[in-house]
Amino acid sequence: MFVGSGVGINYDGGMHYDLRSIAEATTMEPNETDEALAAVRRAIVDDKRRDRDLWLRGLTVLPATSEDLYQPRGPDRLMGQVMEAIERTAGRDLSLQRSVLTRQPFVRERQRLVWSLLPGERGRRISQQLVRELQRPQGHVESCIIAL
């Protein structure tokens, strides 16, 4: 939840609905296939019911996926939607914050910063690059991080 608003993010990662079990169900016995499908369906229904409960409490909770983090400009797109929701529900003006989403060179550096925090080879590589850049005097990355 974002402070001072009824807006939040709920992360649904890649394994959230266990879609692999559906793919594997094609090699299972029919009753095992039914069980795998039923388990995934239960997870989806639970999420929808939770979303409804949150909405009835006056909260706006946007789902975020791993694609929102891993795809280029995904985090910016998500945060733009969060800002729009906060503006609509809390009556706040976030035009200054919105303008930062489109300003160069912040876009590229913000994306690199987010990716450096994620697991995997790309995250490790970018994290190491950022460390090397920060060790340089008056590094460009320092000014971008401060601007975040």
# chains A, B, ... in the order shown; residues from 1 in each chain; ligands from 1
$ select_by_dssp --residues "segment 47-134 of chain A" --states "alpha helix (DSSP H)" --output "PDB file with N, CA and C atoms, in the first residue's frame"
ATOM      1  N   ASP A  47      -7.946 -15.517  -5.272  1.00  0.00           N
ATOM      2  CA  ASP A  47      -7.456 -14.186  -5.629  1.00  0.00           C
ATOM      3  C   ASP A  47      -8.604 -13.246  -5.971  1.00  0.00           C
ATOM      4  N   LYS A  48      -9.548 -13.724  -6.759  1.00  0.00           N
ATOM      5  CA  LYS A  48     -10.672 -12.873  -7.151  1.00  0.00           C
ATOM      6  C   LYS A  48     -11.505 -12.472  -5.936  1.00  0.00           C
ATOM      7  N   ARG A  49     -11.715 -13.405  -5.023  1.00  0.00           N
ATOM      8  CA  ARG A  49     -12.474 -13.089  -3.805  1.00  0.00           C
ATOM      9  C   ARG A  49     -11.733 -12.090  -2.934  1.00  0.00           C
ATOM     10  N   ARG A  50     -10.407 -12.255  -2.817  1.00  0.00           N
ATOM     11  CA  ARG A  50      -9.609 -11.308  -2.045  1.00  0.00           C
ATOM     12  C   ARG A  50      -9.677  -9.927  -2.691  1.00  0.00           C
ATOM     13  N   ASP A  51      -9.573  -9.876  -4.025  1.00  0.00           N
ATOM     14  CA  ASP A  51      -9.661  -8.590  -4.732  1.00  0.00           C
ATOM     15  C   ASP A  51     -11.001  -7.906  -4.451  1.00  0.00           C
ATOM     16  N   ARG A  52     -12.057  -8.694  -4.457  1.00  0.00           N
ATOM     17  CA  ARG A  52     -13.397  -8.149  -4.160  1.00  0.00           C
ATOM     18  C   ARG A  52     -13.464  -7.614  -2.741  1.00  0.00           C
ATOM     19  N   ASP A  53     -12.941  -8.379  -1.786  1.00  0.00           N
ATOM     20  CA  ASP A  53     -12.942  -7.947  -0.387  1.00  0.00           C
ATOM     21  C   ASP A  53     -12.181  -6.636  -0.216  1.00  0.00           C
ATOM     22  N   LEU A  54     -11.035  -6.526  -0.868  1.00  0.00           N
ATOM     23  CA  LEU A  54     -10.248  -5.292  -0.776  1.00  0.00           C
ATOM     24  C   LEU A  54     -11.009  -4.124  -1.394  1.00  0.00           C
ATOM     25  N   TRP A  55     -11.642  -4.355  -2.531  1.00  0.00           N
ATOM     26  CA  TRP A  55     -12.408  -3.304  -3.189  1.00  0.00           C
ATOM     27  C   TRP A  55     -13.544  -2.835  -2.293  1.00  0.00           C
ATOM     28  N   LEU A  56     -14.231  -3.770  -1.634  1.00  0.00           N
ATOM     29  CA  LEU A  56     -15.332  -3.401  -0.747  1.00  0.00           C
ATOM     30  C   LEU A  56     -14.860  -2.586   0.453  1.00  0.00           C
ATOM     31  N   SER A  66       5.559 -10.728 -12.842  1.00  0.00           N
ATOM     32  CA  SER A  66       7.002 -10.712 -13.055  1.00  0.00           C
ATOM     33  C   SER A  66       7.329  -9.991 -14.362  1.00  0.00           C
ATOM     34  N   GLU A  67       6.449 -10.075 -15.349  1.00  0.00           N
ATOM     35  CA  GLU A  67       6.668  -9.368 -16.605  1.00  0.00           C
ATOM     36  C   GLU A  67       6.726  -7.855 -16.389  1.00  0.00           C
ATOM     37  N   ASP A  68       5.962  -7.356 -15.422  1.00  0.00           N
ATOM     38  CA  ASP A  68       6.003  -5.923 -15.115  1.00  0.00           C
ATOM     39  C   ASP A  68       7.385  -5.499 -14.629  1.00  0.00           C
ATOM     40  N   LEU A  69       8.118  -6.413 -14.037  1.00  0.00           N
ATOM     41  CA  LEU A  69       9.455  -6.095 -13.544  1.00  0.00           C
ATOM     42  C   LEU A  69      10.544  -6.386 -14.563  1.00  0.00           C
ATOM     43  N   TYR A  70      10.398  -7.455 -15.310  1.00  0.00           N
ATOM     44  CA  TYR A  70      11.463  -7.906 -16.200  1.00  0.00           C
ATOM     45  C   TYR A  70      11.441  -7.278 -17.586  1.00  0.00           C
ATOM     46  N   GLY A  74       8.521  -1.865 -18.086  1.00  0.00           N
ATOM     47  CA  GLY A  74       7.448  -2.471 -17.307  1.00  0.00           C
ATOM     48  C   GLY A  74       7.227  -1.790 -15.964  1.00  0.00           C
ATOM     49  N   PRO A  75       8.288  -1.575 -15.169  1.00  0.00           N
ATOM     50  CA  PRO A  75       8.090  -0.901 -13.884  1.00  0.00           C
ATOM     51  C   PRO A  75       7.522   0.509 -14.045  1.00  0.00           C
ATOM     52  N   ASP A  76       7.974   1.228 -15.075  1.00  0.00           N
ATOM     53  CA  ASP A  76       7.449   2.578 -15.299  1.00  0.00           C
ATOM     54  C   ASP A  76       5.968   2.539 -15.664  1.00  0.00           C
ATOM     55  N   ARG A  77       5.592   1.575 -16.503  1.00  0.00           N
ATOM     56  CA  ARG A  77       4.184   1.425 -16.889  1.00  0.00           C
ATOM     57  C   ARG A  77       3.334   1.144 -15.648  1.00  0.00           C
ATOM     58  N   LEU A  78       3.801   0.221 -14.811  1.00  0.00           N
ATOM     59  CA  LEU A  78       3.076  -0.123 -13.587  1.00  0.00           C
ATOM     60  C   LEU A  78       2.949   1.090 -12.669  1.00  0.00           C
ATOM     61  N   MET A  79       4.056   1.796 -12.466  1.00  0.00           N
ATOM     62  CA  MET A  79       4.005   2.946 -11.562  1.00  0.00           C
ATOM     63  C   MET A  79       3.151   4.076 -12.131  1.00  0.00           C
ATOM     64  N   GLY A  80       3.108   4.207 -13.454  1.00  0.00           N
ATOM     65  CA  GLY A  80       2.204   5.195 -14.050  1.00  0.00           C
ATOM     66  C   GLY A  80       0.753   4.865 -13.730  1.00  0.00           C
ATOM     67  N   GLN A  81       0.423   3.579 -13.760  1.00  0.00           N
ATOM     68  CA  GLN A  81      -0.938   3.164 -13.414  1.00  0.00           C
ATOM     69  C   GLN A  81      -1.213   3.360 -11.924  1.00  0.00           C
ATOM     70  N   VAL A  82      -0.213   3.100 -11.094  1.00  0.00           N
ATOM     71  CA  VAL A  82      -0.367   3.348  -9.653  1.00  0.00           C
ATOM     72  C   VAL A  82      -0.636   4.831  -9.411  1.00  0.00           C
ATOM     73  N   MET A  83       0.141   5.684 -10.071  1.00  0.00           N
ATOM     74  CA  MET A  83      -0.048   7.130  -9.905  1.00  0.00           C
ATOM     75  C   MET A  83      -1.435   7.551 -10.359  1.00  0.00           C
ATOM     76  N   GLU A  84      -1.891   6.993 -11.472  1.00  0.00           N
ATOM     77  CA  GLU A  84      -3.241   7.319 -11.951  1.00  0.00           C
ATOM     78  C   GLU A  84      -4.291   6.901 -10.926  1.00  0.00           C
ATOM     79  N   ALA A  85      -4.133   5.724 -10.346  1.00  0.00           N
ATOM     80  CA  ALA A  85      -5.083   5.253  -9.340  1.00  0.00           C
ATOM     81  C   ALA A  85      -5.062   6.148  -8.107  1.00  0.00           C
ATOM     82  N   ILE A  86      -3.877   6.565  -7.681  1.00  0.00           N
ATOM     83  CA  ILE A  86      -3.784   7.455  -6.510  1.00  0.00           C
ATOM     84  C   ILE A  86      -4.443   8.793  -6.819  1.00  0.00           C
ATOM     85  N   GLU A  87      -4.198   9.327  -8.013  1.00  0.00           N
ATOM     86  CA  GLU A  87      -4.817  10.602  -8.382  1.00  0.00           C
ATOM     87  C   GLU A  87      -6.336  10.491  -8.376  1.00  0.00           C
ATOM     88  N   ARG A  88      -6.855   9.397  -8.920  1.00  0.00           N
ATOM     89  CA  ARG A  88      -8.311   9.217  -9.002  1.00  0.00           C
ATOM     90  C   ARG A  88      -8.950   8.986  -7.639  1.00  0.00           C
ATOM     91  N   THR A  89      -8.303   8.183  -6.805  1.00  0.00           N
ATOM     92  CA  THR A  89      -8.944   7.795  -5.547  1.00  0.00           C
ATOM     93  C   THR A  89      -8.615   8.722  -4.386  1.00  0.00           C
ATOM     94  N   ALA A  90      -7.440   9.332  -4.401  1.00  0.00           N
ATOM     95  CA  ALA A  90      -7.037  10.180  -3.275  1.00  0.00           C
ATOM     96  C   ALA A  90      -7.060  11.658  -3.637  1.00  0.00           C
ATOM     97  N   SER A  95       1.563  14.959 -11.006  1.00  0.00           N
ATOM     98  CA  SER A  95       2.116  15.310 -12.312  1.00  0.00           C
ATOM     99  C   SER A  95       3.638  15.423 -12.272  1.00  0.00           C
ATOM    100  N   LEU A  96       4.210  15.886 -11.177  1.00  0.00           N
ATOM    101  CA  LEU A  96       5.662  15.951 -11.081  1.00  0.00           C
ATOM    102  C   LEU A  96       6.265  14.543 -11.128  1.00  0.00           C
ATOM    103  N   GLN A  97       5.712  13.636 -10.347  1.00  0.00           N
ATOM    104  CA  GLN A  97       6.203  12.257 -10.353  1.00  0.00           C
ATOM    105  C   GLN A  97       6.017  11.617 -11.720  1.00  0.00           C
ATOM    106  N   ARG A  98       4.888  11.892 -12.360  1.00  0.00           N
ATOM    107  CA  ARG A  98       4.622  11.363 -13.690  1.00  0.00           C
ATOM    108  C   ARG A  98       5.652  11.847 -14.710  1.00  0.00           C
ATOM    109  N   SER A  99       6.045  13.116 -14.586  1.00  0.00           N
ATOM    110  CA  SER A  99       7.000  13.674 -15.548  1.00  0.00           C
ATOM    111  C   SER A  99       8.355  12.973 -15.453  1.00  0.00           C
ATOM    112  N   VAL A 100       8.713  12.495 -14.286  1.00  0.00           N
ATOM    113  CA  VAL A 100       9.992  11.798 -14.123  1.00  0.00           C
ATOM    114  C   VAL A 100       9.984  10.471 -14.878  1.00  0.00           C
ATOM    115  N   PHE A 106      16.847   9.387 -16.994  1.00  0.00           N
ATOM    116  CA  PHE A 106      16.337   8.667 -15.832  1.00  0.00           C
ATOM    117  C   PHE A 106      15.666   7.349 -16.196  1.00  0.00           C
ATOM    118  N   VAL A 107      15.010   7.305 -17.360  1.00  0.00           N
ATOM    119  CA  VAL A 107      14.288   6.097 -17.766  1.00  0.00           C
ATOM    120  C   VAL A 107      15.242   4.901 -17.804  1.00  0.00           C
ATOM    121  N   ARG A 108      16.343   5.040 -18.525  1.00  0.00           N
ATOM    122  CA  ARG A 108      17.290   3.934 -18.676  1.00  0.00           C
ATOM    123  C   ARG A 108      17.931   3.566 -17.335  1.00  0.00           C
ATOM    124  N   GLU A 109      18.353   4.558 -16.587  1.00  0.00           N
ATOM    125  CA  GLU A 109      19.040   4.273 -15.323  1.00  0.00           C
ATOM    126  C   GLU A 109      18.089   3.678 -14.283  1.00  0.00           C
ATOM    127  N   ARG A 110      16.846   4.140 -14.279  1.00  0.00           N
ATOM    128  CA  ARG A 110      15.868   3.571 -13.348  1.00  0.00           C
ATOM    129  C   ARG A 110      15.608   2.108 -13.698  1.00  0.00           C
ATOM    130  N   GLN A 111      15.517   1.819 -15.009  1.00  0.00           N
ATOM    131  CA  GLN A 111      15.307   0.439 -15.436  1.00  0.00           C
ATOM    132  C   GLN A 111      16.489  -0.430 -15.008  1.00  0.00           C
ATOM    133  N   ARG A 112      17.691   0.049 -15.203  1.00  0.00           N
ATOM    134  CA  ARG A 112      18.882  -0.704 -14.797  1.00  0.00           C
ATOM    135  C   ARG A 112      18.886  -0.932 -13.286  1.00  0.00           C
ATOM    136  N   LEU A 113      18.480   0.070 -12.536  1.00  0.00           N
ATOM    137  CA  LEU A 113      18.454  -0.075 -11.076  1.00  0.00           C
ATOM    138  C   LEU A 113      17.460  -1.158 -10.663  1.00  0.00           C
ATOM    139  N   VAL A 114      16.270  -1.149 -11.234  1.00  0.00           N
ATOM    140  CA  VAL A 114      15.263  -2.173 -10.916  1.00  0.00           C
ATOM    141  C   VAL A 114      15.788  -3.546 -11.303  1.00  0.00           C
ATOM    142  N   TRP A 115      16.316  -3.667 -12.523  1.00  0.00           N
ATOM    143  CA  TRP A 115      16.819  -4.967 -12.973  1.00  0.00           C
ATOM    144  C   TRP A 115      17.977  -5.454 -12.109  1.00  0.00           C
ATOM    145  N   SER A 116      18.775  -4.534 -11.585  1.00  0.00           N
ATOM    146  CA  SER A 116      19.910  -4.953 -10.749  1.00  0.00           C
ATOM    147  C   SER A 116      19.456  -5.606  -9.449  1.00  0.00           C
ATOM    148  N   GLU A 121      20.849 -13.994 -13.812  1.00  0.00           N
ATOM    149  CA  GLU A 121      22.119 -13.555 -14.403  1.00  0.00           C
ATOM    150  C   GLU A 121      22.091 -12.078 -14.766  1.00  0.00           C
ATOM    151  N   ARG A 122      21.012 -11.612 -15.398  1.00  0.00           N
ATOM    152  CA  ARG A 122      20.941 -10.203 -15.787  1.00  0.00           C
ATOM    153  C   ARG A 122      21.045  -9.301 -14.558  1.00  0.00           C
ATOM    154  N   GLY A 123      20.344  -9.652 -13.483  1.00  0.00           N
ATOM    155  CA  GLY A 123      20.394  -8.852 -12.265  1.00  0.00           C
ATOM    156  C   GLY A 123      21.798  -8.767 -11.693  1.00  0.00           C
ATOM    157  N   ARG A 124      22.485  -9.911 -11.642  1.00  0.00           N
ATOM    158  CA  ARG A 124      23.867  -9.922 -11.122  1.00  0.00           C
ATOM    159  C   ARG A 124      24.782  -9.076 -12.002  1.00  0.00           C
ATOM    160  N   ARG A 125      24.653  -9.230 -13.311  1.00  0.00           N
ATOM    161  CA  ARG A 125      25.515  -8.496 -14.239  1.00  0.00           C
ATOM    162  C   ARG A 125      25.300  -6.984 -14.120  1.00  0.00           C
ATOM    163  N   ILE A 126      24.060  -6.562 -14.109  1.00  0.00           N
ATOM    164  CA  ILE A 126      23.764  -5.128 -14.024  1.00  0.00           C
ATOM    165  C   ILE A 126      24.176  -4.581 -12.662  1.00  0.00           C
ATOM    166  N   SER A 127      23.959  -5.349 -11.621  1.00  0.00           N
ATOM    167  CA  SER A 127      24.370  -4.924 -10.284  1.00  0.00           C
ATOM    168  C   SER A 127      25.878  -4.685 -10.235  1.00  0.00           C
ATOM    169  N   GLN A 128      26.634  -5.584 -10.813  1.00  0.00           N
ATOM    170  CA  GLN A 128      28.096  -5.430 -10.851  1.00  0.00           C
ATOM    171  C   GLN A 128      28.490  -4.200 -11.668  1.00  0.00           C
ATOM    172  N   GLN A 129      27.799  -3.952 -12.773  1.00  0.00           N
ATOM    173  CA  GLN A 129      28.081  -2.763 -13.585  1.00  0.00           C
ATOM    174  C   GLN A 129      27.827  -1.492 -12.778  1.00  0.00           C
ATOM    175  N   LEU A 130      26.711  -1.474 -12.043  1.00  0.00           N
ATOM    176  CA  LEU A 130      26.385  -0.290 -11.251  1.00  0.00           C
ATOM    177  C   LEU A 130      27.422  -0.043 -10.168  1.00  0.00           C
ATOM    178  N   VAL A 131      27.888  -1.107  -9.538  1.00  0.00           N
ATOM    179  CA  VAL A 131      28.922  -0.966  -8.506  1.00  0.00           C
ATOM    180  C   VAL A 131      30.175  -0.358  -9.117  1.00  0.00           C
ATOM    181  N   ARG A 132      30.590  -0.865 -10.288  1.00  0.00           N
ATOM    182  CA  ARG A 132      31.785  -0.317 -10.949  1.00  0.00           C
ATOM    183  C   ARG A 132      31.585   1.156 -11.290  1.00  0.00           C
ATOM    184  N   GLU A 133      30.397   1.500 -11.775  1.00  0.00           N
ATOM    185  CA  GLU A 133      30.116   2.893 -12.133  1.00  0.00           C
ATOM    186  C   GLU A 133      30.099   3.795 -10.900  1.00  0.00           C
ATOM    187  N   LEU A 134      29.567   3.301  -9.805  1.00  0.00           N
ATOM    188  CA  LEU A 134      29.527   4.104  -8.586  1.00  0.00           C
ATOM    189  C   LEU A 134      30.909   4.327  -7.999  1.00  0.00           C
TER     190      LEU A 134
END
$ select_by_dssp --residues "chain A" --states "strand (DSSP E or B)" --output "PyMOL selection string"
chain A and resi 7-12+60-65
$ atom_distance --atom1 "atom CA of Gly6 of chain A" --atom2 "atom CA of Gly58 of chain A"
6.9 Å
$ residues_around --residues "Tyr11 of chain A" --least-positions-apart "6" --cutoff "10 Å" --atoms "only C-alpha atoms" --output "PDB file with N, CA, C and O atoms, in the first residue's frame"
ATOM      1  N   VAL A  61      -6.182  -2.274  -5.291  1.00  0.00           N
ATOM      2  CA  VAL A  61      -4.954  -3.073  -5.283  1.00  0.00           C
ATOM      3  C   VAL A  61      -4.729  -3.593  -6.697  1.00  0.00           C
ATOM      4  O   VAL A  61      -5.501  -4.397  -7.208  1.00  0.00           O
ATOM      5  N   LEU A  62      -3.666  -3.082  -7.314  1.00  0.00           N
ATOM      6  CA  LEU A  62      -3.355  -3.448  -8.691  1.00  0.00           C
ATOM      7  C   LEU A  62      -2.473  -4.694  -8.707  1.00  0.00           C
ATOM      8  O   LEU A  62      -1.504  -4.773  -7.949  1.00  0.00           O
ATOM      9  N   PRO A  63      -2.788  -5.646  -9.565  1.00  0.00           N
ATOM     10  CA  PRO A  63      -1.916  -6.814  -9.669  1.00  0.00           C
ATOM     11  C   PRO A  63      -0.655  -6.465 -10.451  1.00  0.00           C
ATOM     12  O   PRO A  63      -0.710  -5.727 -11.427  1.00  0.00           O
ATOM     13  N   ALA A  64       0.469  -6.980  -9.995  1.00  0.00           N
ATOM     14  CA  ALA A  64       1.741  -6.833 -10.710  1.00  0.00           C
ATOM     15  C   ALA A  64       2.276  -8.220 -11.001  1.00  0.00           C
ATOM     16  O   ALA A  64       2.142  -9.133 -10.180  1.00  0.00           O
ATOM     17  N   THR A  65       2.868  -8.380 -12.161  1.00  0.00           N
ATOM     18  CA  THR A  65       3.403  -9.673 -12.565  1.00  0.00           C
ATOM     19  C   THR A  65       4.920  -9.578 -12.715  1.00  0.00           C
ATOM     20  O   THR A  65       5.490  -8.479 -12.741  1.00  0.00           O
ATOM     21  N   SER A  66       5.559 -10.728 -12.842  1.00  0.00           N
ATOM     22  CA  SER A  66       7.002 -10.712 -13.055  1.00  0.00           C
ATOM     23  C   SER A  66       7.329  -9.991 -14.362  1.00  0.00           C
ATOM     24  O   SER A  66       8.364  -9.322 -14.459  1.00  0.00           O
ATOM     25  N   ASP A  68       5.962  -7.356 -15.422  1.00  0.00           N
ATOM     26  CA  ASP A  68       6.003  -5.923 -15.115  1.00  0.00           C
ATOM     27  C   ASP A  68       7.385  -5.499 -14.629  1.00  0.00           C
ATOM     28  O   ASP A  68       7.763  -4.336 -14.775  1.00  0.00           O
TER      29      ASP A  68
END
$ atom_distance --atom1 "atom CA of Thr60 of chain A" --atom2 "atom CA of Gly4 of chain A"
12.7 Å
